[in-house]
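The structure file protein09.txt is reproduced below (compact mmCIF, C-alpha atoms).
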# COMPACT_ATOMS: atom_id res chain seq x y z
CA ASN A 1 0.00 0.00 0.00
CA ALA A 2 1.91 3.03 -1.29
CA GLY A 3 -0.71 5.62 -0.28
CA VAL A 4 -0.48 8.77 -2.40
CA THR A 5 2.35 9.01 -4.89
CA GLN A 6 3.36 11.90 -7.13
CA THR A 7 5.38 11.96 -10.32
CA PRO A 8 7.81 13.60 -10.89
CA LYS A 9 9.49 14.71 -7.66
CA PHE A 10 11.35 17.61 -9.26
CA ARG A 11 11.01 19.45 -12.54
CA VAL A 12 12.45 22.56 -14.15
CA LEU A 13 10.52 24.18 -16.98
CA LYS A 14 11.14 27.15 -19.19
CA THR A 15 8.45 29.81 -19.47
CA GLY A 16 5.81 28.72 -21.95
CA GLN A 17 6.49 25.00 -21.71
CA SER A 18 3.79 22.58 -20.69
CA MET A 19 3.80 19.62 -18.37
CA THR A 20 1.55 17.23 -16.49
CA LEU A 21 1.91 16.19 -12.87
CA LEU A 22 0.55 12.78 -11.99
CA CYS A 23 -1.01 11.84 -8.69
CA ALA A 24 -1.95 8.26 -7.92
CA GLN A 25 -3.58 6.75 -4.85
CA ASP A 26 -4.21 3.11 -4.03
CA MET A 27 -6.64 3.62 -1.15
CA ASN A 28 -9.80 3.68 -3.28
CA HIS A 29 -10.49 7.26 -2.19
CA GLU A 30 -13.26 9.18 -3.93
CA TYR A 31 -11.88 12.64 -3.32
CA MET A 32 -8.64 14.01 -4.67
CA TYR A 33 -7.05 17.46 -4.44
CA TRP A 34 -4.21 19.51 -5.85
CA TYR A 35 -2.57 22.18 -3.70
CA ARG A 36 0.33 24.50 -4.16
CA GLN A 37 2.56 25.52 -1.28
CA ASP A 38 4.41 28.81 -1.33
CA PRO A 39 6.53 30.32 1.45
CA GLY A 40 4.43 32.22 3.96
CA MET A 41 1.17 31.30 2.25
CA GLY A 42 0.44 27.80 3.48
CA LEU A 43 -1.37 25.45 1.14
CA ARG A 44 -3.83 26.77 -1.41
CA LEU A 45 -6.28 24.57 -3.23
CA ILE A 46 -5.94 24.58 -7.01
CA HIS A 47 -8.53 22.05 -8.17
CA TYR A 48 -10.26 19.08 -6.66
CA SER A 49 -12.36 16.10 -7.65
CA VAL A 50 -15.20 14.38 -5.83
CA GLY A 51 -15.19 11.36 -8.07
CA GLU A 52 -14.09 9.81 -11.34
CA GLY A 53 -14.90 12.09 -14.24
CA THR A 54 -15.64 15.15 -12.08
CA THR A 55 -13.45 18.15 -11.29
CA ALA A 56 -13.99 21.54 -9.71
CA LYS A 57 -12.06 24.74 -9.21
CA GLY A 58 -10.43 25.60 -5.94
CA GLU A 59 -8.97 28.83 -4.64
CA VAL A 60 -6.26 29.41 -7.28
CA PRO A 61 -7.25 27.55 -10.48
CA ASP A 62 -5.99 29.96 -13.14
CA GLY A 63 -3.27 28.56 -15.38
CA TYR A 64 -3.99 24.94 -14.44
CA ASN A 65 -6.20 22.19 -15.76
CA VAL A 66 -7.01 18.81 -14.26
CA SER A 67 -8.47 15.51 -15.28
CA ARG A 68 -9.74 12.49 -13.37
CA LEU A 69 -10.30 9.79 -15.96
CA LYS A 70 -9.62 6.99 -13.48
CA LYS A 71 -10.57 6.93 -9.84
CA GLN A 72 -7.02 6.34 -8.68
CA ASN A 73 -5.38 9.08 -10.77
CA PHE A 74 -5.63 12.86 -10.73
CA LEU A 75 -3.60 14.81 -13.27
CA LEU A 76 -2.59 18.45 -13.01
CA GLY A 77 -1.62 20.20 -16.23
CA LEU A 78 0.19 23.43 -16.91
CA GLU A 79 -0.41 24.43 -20.52
CA SER A 80 1.97 27.40 -20.62
CA ALA A 81 4.15 27.60 -17.54
CA ALA A 82 4.91 30.96 -15.94
CA PRO A 83 7.48 31.86 -13.27
CA SER A 84 4.59 32.55 -10.89
CA GLN A 85 3.86 28.83 -10.99
CA THR A 86 7.16 28.00 -9.34
CA SER A 87 6.00 26.19 -6.26
CA VAL A 88 5.74 22.87 -4.47
CA TYR A 89 2.66 20.96 -5.54
CA PHE A 90 0.92 18.50 -3.28
CA CYS A 91 -1.73 16.00 -4.11
CA ALA A 92 -4.08 14.66 -1.47
CA SER A 93 -6.96 12.23 -1.28
CA SER A 94 -9.75 11.40 1.13
CA TYR A 95 -12.59 8.89 1.38
CA GLY A 96 -16.30 9.50 1.49
CA THR A 97 -17.10 8.65 5.09
CA SER A 98 -14.35 10.91 6.40
CA ARG A 99 -13.75 13.19 3.50
CA TYR A 100 -12.14 15.94 5.51
CA GLU A 101 -9.23 13.74 6.52
CA GLN A 102 -6.82 14.16 3.69
CA TYR A 103 -3.80 11.99 2.94
CA PHE A 104 -0.96 13.78 1.20
CA GLY A 105 1.64 12.79 -1.31
CA PRO A 106 5.33 13.74 -0.96
CA GLY A 107 5.10 16.72 -3.30
CA THR A 108 6.56 17.89 -6.61
CA ARG A 109 8.96 20.79 -6.63
CA LEU A 110 8.50 22.77 -9.84
CA THR A 111 10.72 25.61 -10.96
CA VAL A 112 9.79 27.75 -13.95
CA THR A 113 12.61 29.88 -15.34
CA ALA B 114 -15.85 31.58 4.24
CA GLN B 115 -13.58 30.16 6.87
CA SER B 116 -10.06 31.34 7.60
CA VAL B 117 -7.18 30.26 9.80
CA THR B 118 -4.47 32.28 11.50
CA GLN B 119 -1.25 30.89 12.88
CA PRO B 120 0.35 33.93 14.51
CA ASP B 121 3.77 32.38 15.08
CA ILE B 122 5.88 31.92 11.95
CA HIS B 123 8.80 30.30 13.78
CA ILE B 124 9.18 28.90 17.28
CA THR B 125 12.34 27.56 18.92
CA VAL B 126 12.06 25.19 21.88
CA SER B 127 14.62 23.27 23.88
CA GLU B 128 14.42 19.50 23.76
CA GLY B 129 12.36 18.26 26.68
CA ALA B 130 10.50 21.53 27.09
CA SER B 131 6.79 21.91 26.59
CA LEU B 132 5.29 23.26 23.41
CA GLU B 133 2.20 25.20 22.45
CA LEU B 134 1.44 26.26 18.88
CA ARG B 135 -1.36 28.71 18.39
CA CYS B 136 -4.20 28.50 15.90
CA ASN B 137 -7.19 30.81 15.58
CA TYR B 138 -9.99 30.31 13.15
CA SER B 139 -12.84 32.32 11.75
CA TYR B 140 -16.10 30.57 11.00
CA GLY B 141 -19.72 31.22 11.81
CA ALA B 142 -20.35 27.90 13.53
CA THR B 143 -18.28 25.10 14.94
CA PRO B 144 -15.89 23.97 12.24
CA TYR B 145 -13.94 20.82 11.82
CA LEU B 146 -10.36 21.44 12.94
CA PHE B 147 -7.12 19.71 12.10
CA TRP B 148 -3.43 19.83 12.77
CA TYR B 149 -0.98 18.52 10.19
CA VAL B 150 2.79 18.14 10.42
CA GLN B 151 5.22 18.41 7.54
CA SER B 152 8.75 17.12 7.98
CA PRO B 153 11.40 18.55 5.65
CA GLY B 154 10.93 17.34 2.09
CA GLN B 155 7.81 15.39 2.98
CA GLY B 156 4.10 15.69 2.51
CA LEU B 157 1.68 16.55 5.29
CA GLN B 158 0.67 14.03 7.90
CA LEU B 159 -2.47 14.32 10.00
CA LEU B 160 -1.66 14.74 13.71
CA LEU B 161 -5.16 15.06 15.11
CA LYS B 162 -8.65 16.24 14.36
CA TYR B 163 -11.69 17.69 16.09
CA PHE B 164 -15.21 17.19 14.82
CA SER B 165 -17.36 17.40 17.95
CA GLY B 166 -17.60 16.21 21.53
CA ASP B 167 -14.70 16.33 23.96
CA THR B 168 -12.82 19.56 23.36
CA LEU B 169 -9.45 18.04 24.25
CA VAL B 170 -8.31 15.70 21.51
CA GLN B 171 -5.37 13.38 21.49
CA GLY B 172 -3.29 12.73 18.40
CA ILE B 173 -0.29 10.81 17.29
CA LYS B 174 3.27 11.33 18.52
CA GLY B 175 2.09 12.55 21.93
CA PHE B 176 0.37 15.70 20.66
CA GLU B 177 -2.93 17.06 21.90
CA ALA B 178 -5.07 20.06 21.04
CA GLU B 179 -7.85 21.88 22.78
CA PHE B 180 -10.83 23.47 21.07
CA LYS B 181 -11.95 26.66 22.79
CA ARG B 182 -15.08 28.03 21.22
CA SER B 183 -15.01 31.28 23.21
CA GLN B 184 -11.55 32.07 21.87
CA SER B 185 -12.00 30.55 18.40
CA SER B 186 -8.80 28.67 19.03
CA PHE B 187 -7.42 25.20 18.53
CA ASN B 188 -3.93 25.24 20.02
CA LEU B 189 -1.58 22.31 19.69
CA ARG B 190 0.41 21.16 22.72
CA LYS B 191 3.02 18.64 23.68
CA PRO B 192 4.39 18.29 27.22
CA SER B 193 7.94 17.37 26.22
CA VAL B 194 9.33 17.82 22.73
CA HIS B 195 11.84 15.56 21.05
CA TRP B 196 14.39 16.52 18.41
CA SER B 197 12.34 14.57 15.88
CA ASP B 198 9.44 17.00 16.37
CA ALA B 199 11.29 19.65 14.38
CA ALA B 200 9.01 20.29 11.42
CA GLU B 201 6.40 22.68 10.10
CA TYR B 202 2.95 22.52 11.60
CA PHE B 203 -0.23 23.52 9.85
CA CYS B 204 -3.63 24.16 11.35
CA ALA B 205 -6.60 23.64 9.03
CA VAL B 206 -10.33 24.24 9.20
CA GLY B 207 -13.14 22.61 7.30
CA ALA B 208 -16.72 23.80 7.14
CA PRO B 209 -19.19 21.01 7.95
CA SER B 210 -21.38 20.35 4.98
CA SER B 211 -23.77 17.65 3.92
CA ARG B 212 -23.35 18.68 0.31
CA PHE B 213 -20.67 16.70 -1.46
CA GLY B 214 -18.06 18.89 -2.96
CA ASN B 215 -17.89 21.38 -0.12
CA GLU B 216 -15.42 19.45 1.98
CA LYS B 217 -12.48 21.68 1.39
CA LEU B 218 -9.87 22.50 3.98
CA THR B 219 -8.45 25.95 4.54
CA PHE B 220 -4.90 25.88 5.83
CA GLY B 221 -3.01 28.34 7.96
CA THR B 222 0.36 29.62 6.85
CA GLY B 223 2.24 27.26 9.15
CA THR B 224 4.57 27.45 12.14
CA ARG B 225 8.10 26.19 11.79
CA LEU B 226 9.35 24.46 14.92
CA THR B 227 13.06 24.29 15.70
CA ILE B 228 14.34 22.13 18.55
CA ILE B 229 17.62 23.00 20.24
CA PRO B 230 19.58 20.51 22.35

Whole structure, C-alpha cells version:
Amino acid sequence: NAGVTQTPKFRVLKTGQSMTLLCAQDMNHEYMYWYRQDPGMGLRLIHYSVGEGTTAKGEVPDGYNVSRLKKQNFLLGLESAAPSQTSVYFCASSYGTSRYEQYFGPGTRLTVT
Amino acid sequence: AQSVTQPDIHITVSEGASLELRCNYSYGATPYLFWYVQSPGQGLQLLLKYFSGDTLVQGIKGFEAEFKRSQSSFNLRKPSVHWSDAAEYFCAVGAPSSRFGNEKLTFGTGTRLTIIP
C-alpha cells in the first residue's frame, strides 16, 4: 500500500512549456485534491475532484487544468508555464465517510525559469 | 468563508521543554479542525482532528489540542518535545457540509518548529 504518490518529484521548466503532474492513490479514495505551497502562504487549493470524471475549481485555479479519468489518478496540467507557478505541488486524497481527513503525497517541486 | 491564523511563523524550543502552537480560526459555527505536520521534504501528515464532543483531543506522537469556542482557538500542545518533532505545523479548518463537494480544507500559513539541544 503506497498511499499517495506523485510523479515527478522535481522538474524545471522554461516559461511557456507545458507539463503534467501525476497523482496516484491506491486507497480507493473518492476525493482528490491539488494544492500548491508557497513560502508564507500555506497550502492553497488549485482544483479538486469528488469522483471519477468530475473536477472543480479551488482557490487558485488559473493557469492549471485537471483531469480524473480513473478513480485512482488525478492529473494536473500546466499548458503554458509561468514563473509565478514556481512552487511545491501536493496532491491529497480522502474517502467519502471521512472526507475531511486528507492523505498527502510527498510533493513535486516545480521551478519555472 | 472560513479562515485560519497561525500567529507564530517560527518557534524555537529546547528538547524536553513543553510546546504550544497557536491557531485561531474564523467561521460562523463550529468547524472541523485539524493539525498537520510536515517534515522537511515530505508531505503533510495528520496529527489530530476535532469534529465534535470532547474539546481536548489526542493525536499521534504525543500531541494534543484543545478546542476553545469562546476564543476561536485550537492550540496544539506537547508536554515534552523531542528533536524529531522539528518540522512545520499547519492548522486547518473545514466547514461542515452535507453537500458533497464542499469538503475543502483551509490551511493556515504554518509554524516552523526548531528544537535546540

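Nearest to Cys136 of chain B of all the residues B:Gln119, B:Tyr202, B:Lys191, B:Leu160 is B:Gln119, counting all atoms listed in the file.
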
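With the cut-off set to 6 Å and only C-alpha atoms counted, chain B residues close to chain A are Gln155, Gly156, Leu157, Glu216, Phe220, Gly221, Thr222 and Gly223 of chain B.
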
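Considering the residues A:Ile46, A:Val66, A:Ala81, A:Leu76 and counting only C-alpha atoms, Lys217 of chain B has its shortest atom-to-atom contact with A:Ile46.
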
- Task: Find the spatial neighbours of segment 172-187 of chain B, counting all atoms listed in the file, within a cut-off of 8 Å - ignore same-chain residues fewer than 6 positions away - and output them as a list in words.
- Result: Arg135, Cys136, Asn137, Tyr138, Ser139, Thr143, Leu146, Leu160, Leu161, Lys162 and Tyr163 of chain B

Write to file, as an mmCIF file, in the frame of the given file, the residues of the selection just made, with C-alpha atoms.
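Generated file (out.cif):
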data_model
loop_
_atom_site.group_PDB
_atom_site.id
_atom_site.type_symbol
_atom_site.label_atom_id
_atom_site.label_comp_id
_atom_site.auth_asym_id
_atom_site.auth_seq_id
_atom_site.Cartn_x
_atom_site.Cartn_y
_atom_site.Cartn_z
ATOM 1 C CA ARG B 135 -1.360 28.710 18.390
ATOM 2 C CA CYS B 136 -4.200 28.500 15.900
ATOM 3 C CA ASN B 137 -7.190 30.810 15.580
ATOM 4 C CA TYR B 138 -9.990 30.310 13.150
ATOM 5 C CA SER B 139 -12.840 32.320 11.750
ATOM 6 C CA THR B 143 -18.280 25.100 14.940
ATOM 7 C CA LEU B 146 -10.360 21.440 12.940
ATOM 8 C CA LEU B 160 -1.660 14.740 13.710
ATOM 9 C CA LEU B 161 -5.160 15.060 15.110
ATOM 10 C CA LYS B 162 -8.650 16.240 14.360
ATOM 11 C CA TYR B 163 -11.690 17.690 16.090
#

Box centre and edge lengths (Å, one decimal), axis-aligned, segment 130-139 of chain B plus 6 Å each side, as JSON:
{"center_x": -1.2, "center_y": 26.9, "center_z": 19.4, "size_x": 35.3, "size_y": 22.8, "size_z": 27.3}
